[in-house]
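Data from data-v5.pdb: PDB, C-alpha atoms, pLDDT in the B column
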```
ATOM      1  CA  GLU A  11     -16.553 -14.341  -9.538  1.00 44.00           C
ATOM      2  CA  GLU A  12     -16.843 -10.612 -10.269  1.00 44.00           C
ATOM      3  CA  GLU A  13     -18.506 -11.255 -13.632  1.00 44.00           C
ATOM      4  CA  GLU A  14     -21.251 -13.327 -12.003  1.00 42.00           C
ATOM      5  CA  GLU A  15     -22.054 -10.466  -9.620  1.00 39.00           C
ATOM      6  CA  GLU A  16     -22.377  -8.066 -12.569  1.00 38.00           C
ATOM      7  CA  ASP A  17     -24.813 -10.416 -14.307  1.00 38.00           C
ATOM      8  CA  GLU A  18     -27.010 -10.517 -11.188  1.00 38.00           C
ATOM      9  CA  GLY A  19     -27.001  -6.717 -11.092  1.00 37.00           C
ATOM     10  CA  ASP A  20     -28.228  -6.530 -14.699  1.00 38.00           C
ATOM     11  CA  GLU A  21     -31.263  -8.665 -13.890  1.00 36.00           C
ATOM     12  CA  GLU A  22     -32.238  -6.279 -11.095  1.00 38.00           C
ATOM     13  CA  LYS A  23     -32.023  -3.261 -13.403  1.00 42.00           C
ATOM     14  CA  SER A  24     -35.674  -3.565 -14.420  1.00 50.00           C
ATOM     15  CA  MET A  25     -36.594  -0.471 -12.418  1.00 63.00           C
ATOM     16  CA  GLU A  26     -40.137   0.704 -12.166  1.00 80.00           C
ATOM     17  CA  TRP A  27     -41.018   4.045 -13.737  1.00 86.00           C
ATOM     18  CA  CYS A  28     -42.365   6.652 -11.327  1.00 86.00           C
ATOM     19  CA  GLU A  29     -45.084   9.010 -12.511  1.00 86.00           C
ATOM     20  CA  PHE A  30     -45.019  12.729 -11.634  1.00 87.00           C
ATOM     21  CA  LYS A  31     -48.162  14.657 -12.581  1.00 86.00           C
ATOM     22  CA  ASP A  32     -47.905  18.351 -13.565  1.00 88.00           C
ATOM     23  CA  LYS A  33     -44.117  18.030 -13.859  1.00 90.00           C
ATOM     24  CA  GLU A  34     -41.769  17.967 -16.814  1.00 92.00           C
ATOM     25  CA  LEU A  35     -38.119  17.130 -17.306  1.00 93.00           C
ATOM     26  CA  GLU A  36     -36.200  19.845 -19.143  1.00 90.00           C
ATOM     27  CA  GLY A  37     -34.299  19.300 -22.384  1.00 92.00           C
ATOM     28  CA  TYR A  38     -34.678  16.730 -25.124  1.00 94.00           C
ATOM     29  CA  THR A  39     -32.084  13.990 -25.550  1.00 93.00           C
ATOM     30  CA  SER A  40     -29.699  14.752 -28.431  1.00 86.00           C
ATOM     31  CA  GLY A  41     -31.161  18.289 -28.466  1.00 89.00           C
ATOM     32  CA  GLU A  42     -34.225  17.436 -30.550  1.00 90.00           C
ATOM     33  CA  ARG A  43     -37.753  16.275 -29.827  1.00 93.00           C
ATOM     34  CA  VAL A  44     -38.294  12.555 -30.326  1.00 90.00           C
ATOM     35  CA  GLY A  45     -41.785  11.324 -29.466  1.00 93.00           C
ATOM     36  CA  PHE A  46     -43.339   7.865 -29.133  1.00 96.00           C
ATOM     37  CA  SER A  47     -47.003   6.930 -28.816  1.00 96.00           C
ATOM     38  CA  ASP A  48     -46.041   3.563 -27.258  1.00 96.00           C
ATOM     39  CA  PHE A  49     -44.887   3.799 -23.611  1.00 95.00           C
ATOM     40  CA  GLY A  50     -42.950   0.511 -23.768  1.00 94.00           C
ATOM     41  CA  LEU A  51     -40.993   1.595 -26.843  1.00 96.00           C
ATOM     42  CA  ALA A  52     -40.263   4.999 -25.307  1.00 95.00           C
ATOM     43  CA  LYS A  53     -38.995   3.344 -22.092  1.00 94.00           C
ATOM     44  CA  SER A  54     -36.701   0.912 -23.919  1.00 94.00           C
ATOM     45  CA  THR A  55     -35.353   3.667 -26.211  1.00 94.00           C
ATOM     46  CA  CYS A  56     -34.690   5.878 -23.192  1.00 93.00           C
ATOM     47  CA  GLY A  57     -32.979   3.002 -21.373  1.00 90.00           C
ATOM     48  CA  ALA A  58     -30.638   2.479 -24.330  1.00 92.00           C
ATOM     49  CA  SER A  59     -29.672   6.181 -24.482  1.00 90.00           C
ATOM     50  CA  ALA A  60     -26.907   7.381 -22.125  1.00 89.00           C
ATOM     51  CA  ASP A  61     -28.298  10.933 -21.934  1.00 91.00           C
ATOM     52  CA  CYS A  62     -31.960   9.998 -21.345  1.00 93.00           C
ATOM     53  CA  HIS A  63     -33.041  10.515 -17.736  1.00 92.00           C
ATOM     54  CA  GLY A  64     -36.777  10.051 -18.220  1.00 94.00           C
ATOM     55  CA  LEU A  65     -39.872  10.720 -20.312  1.00 95.00           C
ATOM     56  CA  THR A  66     -42.352  13.581 -20.428  1.00 95.00           C
ATOM     57  CA  MET A  67     -45.805  13.124 -21.977  1.00 94.00           C
ATOM     58  CA  GLU A  68     -46.577  16.053 -24.288  1.00 89.00           C
ATOM     59  CA  SER A  69     -49.035  16.302 -27.193  1.00 84.00           C
ATOM     60  CA  ASP A  70     -50.082  12.657 -26.615  1.00 90.00           C
ATOM     61  CA  GLU A  71     -46.503  11.427 -27.084  1.00 95.00           C
ATOM     62  CA  TYR A  72     -43.786  10.294 -24.705  1.00 96.00           C
ATOM     63  CA  THR A  73     -40.695  12.444 -25.334  1.00 96.00           C
ATOM     64  CA  LEU A  74     -37.156  11.451 -24.330  1.00 96.00           C
ATOM     65  CA  ARG A  75     -35.674  13.933 -21.830  1.00 95.00           C
ATOM     66  CA  SER A  76     -32.089  14.732 -20.873  1.00 93.00           C
ATOM     67  CA  GLY A  77     -32.838  16.759 -17.724  1.00 89.00           C
ATOM     68  CA  SER A  78     -33.005  15.118 -14.322  1.00 83.00           C
ATOM     69  CA  GLU A  79     -34.739  17.949 -12.412  1.00 84.00           C
ATOM     70  CA  LEU A  80     -38.545  17.989 -12.390  1.00 86.00           C
ATOM     71  CA  VAL A  81     -40.046  21.426 -12.994  1.00 88.00           C
ATOM     72  CA  ASP A  82     -43.674  22.516 -12.632  1.00 88.00           C
ATOM     73  CA  SER A  83     -45.659  22.193 -15.850  1.00 89.00           C
ATOM     74  CA  VAL A  84     -49.433  21.974 -15.510  1.00 89.00           C
ATOM     75  CA  GLY A  85     -50.838  19.297 -17.784  1.00 89.00           C
ATOM     76  CA  SER A  86     -47.522  17.492 -18.341  1.00 90.00           C
ATOM     77  CA  THR A  87     -46.737  14.117 -16.819  1.00 92.00           C
ATOM     78  CA  SER A  88     -43.197  12.802 -16.464  1.00 93.00           C
ATOM     79  CA  PHE A  89     -41.842   9.328 -15.830  1.00 93.00           C
ATOM     80  CA  ILE A  90     -38.454   8.566 -14.281  1.00 90.00           C
ATOM     81  CA  PRO A  91     -36.866   5.111 -14.000  1.00 86.00           C
ATOM     82  CA  GLU A  92     -36.070   4.760 -10.298  1.00 78.00           C
ATOM     83  CA  GLU A  93     -37.311   3.339  -7.079  1.00 63.00           C
ATOM     84  CA  CYS A  94     -40.536   5.242  -6.634  1.00 70.00           C
ATOM     85  CA  PRO A  95     -40.787   7.439  -3.596  1.00 61.00           C
ATOM     86  CA  GLY A  96     -43.421   6.595  -1.048  1.00 61.00           C
ATOM     87  CA  PRO A  97     -46.520   8.701  -0.514  1.00 58.00           C
ATOM     88  CA  HIS A  98     -44.577  11.089   1.727  1.00 57.00           C
ATOM     89  CA  VAL A  99     -42.594  12.833  -1.002  1.00 71.00           C
ATOM     90  CA  CYS A 100     -41.599  16.355  -0.089  1.00 83.00           C
ATOM     91  CA  THR A 101     -41.266  19.091  -2.677  1.00 88.00           C
ATOM     92  CA  TRP A 102     -38.841  22.013  -2.554  1.00 92.00           C
ATOM     93  CA  GLU A 103     -39.533  25.561  -3.674  1.00 93.00           C
ATOM     94  CA  LYS A 104     -36.602  27.917  -4.231  1.00 95.00           C
ATOM     95  CA  VAL A 105     -36.704  31.298  -2.490  1.00 95.00           C
ATOM     96  CA  ALA A 106     -33.922  33.283  -4.176  1.00 96.00           C
ATOM     97  CA  ASP A 107     -31.759  35.845  -2.377  1.00 97.00           C
ATOM     98  CA  LYS A 108     -33.169  34.988   1.060  1.00 96.00           C
ATOM     99  CA  LYS A 109     -31.505  33.467   4.107  1.00 96.00           C
ATOM    100  CA  PHE A 110     -33.906  31.487   6.293  1.00 96.00           C
ATOM    101  CA  LYS A 111     -33.283  31.861  10.032  1.00 94.00           C
ATOM    102  CA  GLY A 112     -32.829  29.205  12.703  1.00 95.00           C
ATOM    103  CA  THR A 113     -30.202  26.856  11.256  1.00 94.00           C
ATOM    104  CA  LEU A 114     -30.271  23.408  12.854  1.00 94.00           C
ATOM    105  CA  THR A 115     -26.702  22.414  11.888  1.00 91.00           C
ATOM    106  CA  LYS A 116     -23.564  24.116  10.654  1.00 90.00           C
ATOM    107  CA  THR A 117     -23.873  25.446   7.099  1.00 89.00           C
ATOM    108  CA  ASN A 118     -21.532  22.827   5.634  1.00 95.00           C
ATOM    109  CA  LEU A 119     -23.800  20.183   4.072  1.00 95.00           C
ATOM    110  CA  SER A 120     -24.343  19.522   0.369  1.00 95.00           C
ATOM    111  CA  MET A 121     -27.808  20.508  -0.858  1.00 95.00           C
ATOM    112  CA  ASP A 122     -28.917  16.856  -1.105  1.00 92.00           C
ATOM    113  CA  LYS A 123     -27.624  16.024   2.394  1.00 94.00           C
ATOM    114  CA  ALA A 124     -29.280  19.123   3.875  1.00 95.00           C
ATOM    115  CA  LYS A 125     -32.613  18.200   2.234  1.00 93.00           C
ATOM    116  CA  ALA A 126     -32.352  14.624   3.542  1.00 90.00           C
ATOM    117  CA  ALA A 127     -31.446  15.863   7.038  1.00 92.00           C
ATOM    118  CA  CYS A 128     -34.391  18.262   6.987  1.00 92.00           C
ATOM    119  CA  GLN A 129     -36.882  15.538   6.035  1.00 87.00           C
ATOM    120  CA  GLU A 130     -35.686  13.377   8.928  1.00 86.00           C
ATOM    121  CA  ARG A 131     -35.720  16.151  11.527  1.00 88.00           C
ATOM    122  CA  ALA A 132     -38.841  17.220  13.392  1.00 86.00           C
ATOM    123  CA  GLY A 133     -39.414  20.958  13.198  1.00 91.00           C
ATOM    124  CA  CYS A 134     -37.380  21.457  10.025  1.00 94.00           C
ATOM    125  CA  VAL A 135     -39.191  23.588   7.413  1.00 95.00           C
ATOM    126  CA  GLY A 136     -36.532  24.045   4.723  1.00 96.00           C
ATOM    127  CA  ILE A 137     -32.879  24.641   3.984  1.00 96.00           C
ATOM    128  CA  THR A 138     -30.724  27.691   3.391  1.00 97.00           C
ATOM    129  CA  CYS A 139     -27.653  27.597   1.126  1.00 96.00           C
ATOM    130  CA  LYS A 140     -24.653  29.833   0.529  1.00 96.00           C
ATOM    131  CA  SER A 141     -23.653  27.483  -2.328  1.00 95.00           C
ATOM    132  CA  ALA A 142     -24.638  23.976  -3.448  1.00 93.00           C
ATOM    133  CA  LYS A 143     -22.057  22.591  -0.991  1.00 95.00           C
ATOM    134  CA  LYS A 144     -22.781  24.903   1.949  1.00 96.00           C
ATOM    135  CA  CYS A 145     -26.355  24.309   3.130  1.00 96.00           C
ATOM    136  CA  ALA A 146     -28.116  23.800   6.442  1.00 96.00           C
ATOM    137  CA  PRO A 147     -31.594  22.665   7.510  1.00 96.00           C
ATOM    138  CA  VAL A 148     -33.634  25.419   9.210  1.00 96.00           C
ATOM    139  CA  ARG A 149     -36.562  25.639  11.641  1.00 95.00           C
ATOM    140  CA  SER A 150     -38.018  28.926  10.370  1.00 95.00           C
ATOM    141  CA  GLN A 151     -39.053  30.367   7.028  1.00 94.00           C
ATOM    142  CA  LYS A 152     -38.601  33.861   8.420  1.00 95.00           C
ATOM    143  CA  SER A 153     -35.854  35.292   6.305  1.00 95.00           C
ATOM    144  CA  LYS A 154     -33.643  38.237   5.626  1.00 96.00           C
ATOM    145  CA  ASN A 155     -32.604  39.500   2.207  1.00 97.00           C
ATOM    146  CA  SER A 156     -29.184  38.233   1.214  1.00 96.00           C
ATOM    147  CA  ARG A 157     -27.619  38.086  -2.220  1.00 96.00           C
ATOM    148  CA  LYS A 158     -25.216  35.436  -0.883  1.00 96.00           C
ATOM    149  CA  PHE A 159     -27.963  32.937   0.021  1.00 96.00           C
ATOM    150  CA  ASP A 160     -30.827  31.049  -1.573  1.00 96.00           C
ATOM    151  CA  SER A 161     -33.290  29.118   0.548  1.00 96.00           C
ATOM    152  CA  TYR A 162     -35.636  26.241  -0.225  1.00 96.00           C
ATOM    153  CA  LYS A 163     -39.064  25.823   1.380  1.00 95.00           C
ATOM    154  CA  MET A 164     -40.038  22.205   2.061  1.00 92.00           C
ATOM    155  CA  THR A 165     -43.654  21.078   1.562  1.00 89.00           C
ATOM    156  CA  CYS A 166     -44.589  17.524   2.512  1.00 81.00           C
ATOM    157  CA  PRO A 167     -47.991  15.853   2.107  1.00 69.00           C
ATOM    158  CA  GLN A 168     -49.711  15.099   5.391  1.00 61.00           C
TER
END
```
So that I can check it, write out the structure of this file as structure tokens.
Amino acid sequence: EEEEEEDEGDEEKSMEWCEFKDKELEGYTSGERVGFSDFGLAKSTCGASADCHGLTMESDEYTLRSGSELVDSVGSTSFIPEECPGPHVCTWEKVADKKFKGTLTKTNLSMDKAKAACQERAGCVGITCKSAKKCAPVRSQKSKNSRKFDSYKMTCPQ
């Protein structure tokens, strides 16, 4: 019975590819630039490569990328195979060496959990982190200098 369930899962793997304008994924797969002019071929090649997390369009070619973090890059467009986020996607901007004030929970959440908690909570404007595993959502972007903390400002489309 287990094998049948796996087969069903494979059929559902045809994920859509989400487009992110003015963003690029860092790092080429296998450490070197491989570009395709055909989007379909680039997608299938990426899907067959264990270290490919998406594509970035550069110089009129789709390049295979190993990074999973999107970084700002005006003019670049990246594509990631995943369930596409809705129109209310929030972005996060790092504010290094600052501790935002007004924590809304204890500072004991992972970065991803703190970001998710912040997006669900009215009045939350960002997160502050002592480490990647010690973060908290905050209600103020007023901050104090602190080498022990980095904070992340949340911006969501209206």
Practice problem: With the file shown as input, list the residues that the PyMOL selection byres ((chain A and resi 39) around 8) selects, as a list in words. | Solution: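 When the PyMOL selection byres ((chain A and resi 39) around 8) is applied, the selected residues are Gly37, Tyr38, Ser40, Gly41, Glu42, Arg43, Val44, Asp61, Cys62, Leu74, Arg75 and Ser76 of chain A.
Matched in the shown structure by the PyMOL selection byres ((chain A and resi 65) around 9): Glu34, Leu35, Ala52, Lys53, Cys56, Cys62, His63, Gly64, Thr66, Met67, Tyr72, Thr73, Leu74, Arg75, Ser76, Thr87, Ser88, Phe89, Ile90 and Pro91 of chain A.
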Quiz item: What residues come out when you apply the PyMOL selection byres ((chain A and resi 109) around 7) to this file, written as a count of residues only?
Solution: 12
Exercise. Would you mind reading off the distance between atom CA of A:Ala142 and atom CA of A:Glu26, one decimal, in Å?
Key: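 Pair atom CA of A:Ala142 / atom CA of A:Glu26 returns 29.3 Å.
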Box along x, y and z, 8 Å on every side, all listed atoms of stretch 146-153 of chain A inside: centre and edge lengths in Å to one decimal, as AutoDock Vina command-line options.
```
--center_x -33.6 --center_y 29.0 --center_z 9.0 --size_x 26.9 --size_y 28.6 --size_z 21.3
```
Practice problem: Quick one: pull the distance between atom CA of A:Cys145 and atom CA of A:Asp122, Å, one decimal. | Solution: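 Going from atom CA of A:Cys145 over to atom CA of A:Asp122 covers 8.9 Å.
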Any idea what's packed within 10 Å of A:Lys163, counting all atoms listed in the file, ignoring anything in its chain fewer than 6 positions away? Could you give it as an mmCIF file with C-alpha atoms, in the coordinates of the input?
```cif
data_model
loop_
_atom_site.group_PDB
_atom_site.id
_atom_site.type_symbol
_atom_site.label_atom_id
_atom_site.label_comp_id
_atom_site.auth_asym_id
_atom_site.auth_seq_id
_atom_site.Cartn_x
_atom_site.Cartn_y
_atom_site.Cartn_z
ATOM 1 C CA CYS A 100 -41.599 16.355 -0.089
ATOM 2 C CA THR A 101 -41.266 19.091 -2.677
ATOM 3 C CA TRP A 102 -38.841 22.013 -2.554
ATOM 4 C CA GLU A 103 -39.533 25.561 -3.674
ATOM 5 C CA LYS A 104 -36.602 27.917 -4.231
ATOM 6 C CA VAL A 105 -36.704 31.298 -2.490
ATOM 7 C CA PHE A 110 -33.906 31.487 6.293
ATOM 8 C CA CYS A 134 -37.380 21.457 10.025
ATOM 9 C CA VAL A 135 -39.191 23.588 7.413
ATOM 10 C CA GLY A 136 -36.532 24.045 4.723
ATOM 11 C CA ILE A 137 -32.879 24.641 3.984
ATOM 12 C CA THR A 138 -30.724 27.691 3.391
ATOM 13 C CA VAL A 148 -33.634 25.419 9.210
ATOM 14 C CA SER A 150 -38.018 28.926 10.370
ATOM 15 C CA GLN A 151 -39.053 30.367 7.028
#
```
Self-check item: Which of A:Leu51, A:Ala58, A:Ala132, A:Cys28 sits closest to A:Glu71 [using all atoms listed in the file]
Solution: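 Among the listed residues, the smallest separation from A:Glu71 belongs to A:Leu51.
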Exercise. Please measure the separation of atom CA of A:Phe46 and atom CA of A:Val99, giving the value in Å to one decimal.
Key: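 For atom CA of A:Phe46 relative to atom CA of A:Val99, the distance reads 28.6 Å.
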Self-check item: Close residues, A:Asp32 itself excluded, 7 Å, all atoms listed in the file, min 3 positions apart in chain, as an MDAnalysis selection string
Solution: chainID A and resid 82:87
Counting only C-alpha atoms, which residues have an atom no more than 7 Å from (-36.0, 21.2, -15.2) in the file's coordinates? Please list them as a PDB file with C-alpha atoms, in the frame of the given file.
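Ended up saving to part20.pdb:
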```
ATOM      1  CA  GLU A  34     -41.769  17.967 -16.814  1.00 92.00           C
ATOM      2  CA  LEU A  35     -38.119  17.130 -17.306  1.00 93.00           C
ATOM      3  CA  GLU A  36     -36.200  19.845 -19.143  1.00 90.00           C
ATOM      4  CA  GLY A  77     -32.838  16.759 -17.724  1.00 89.00           C
ATOM      5  CA  SER A  78     -33.005  15.118 -14.322  1.00 83.00           C
ATOM      6  CA  GLU A  79     -34.739  17.949 -12.412  1.00 84.00           C
ATOM      7  CA  LEU A  80     -38.545  17.989 -12.390  1.00 86.00           C
ATOM      8  CA  VAL A  81     -40.046  21.426 -12.994  1.00 88.00           C
TER       9      VAL A  81
END
```
Quiz prompt | Residue among A:Cys94, A:Gly50, A:Asp70, A:Lys123 lying closest to A:Phe30, counting all atoms listed in the file | solution =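 Ranking A:Cys94, A:Gly50, A:Asp70, A:Lys123 by distance to A:Phe30, first place goes to A:Cys94.
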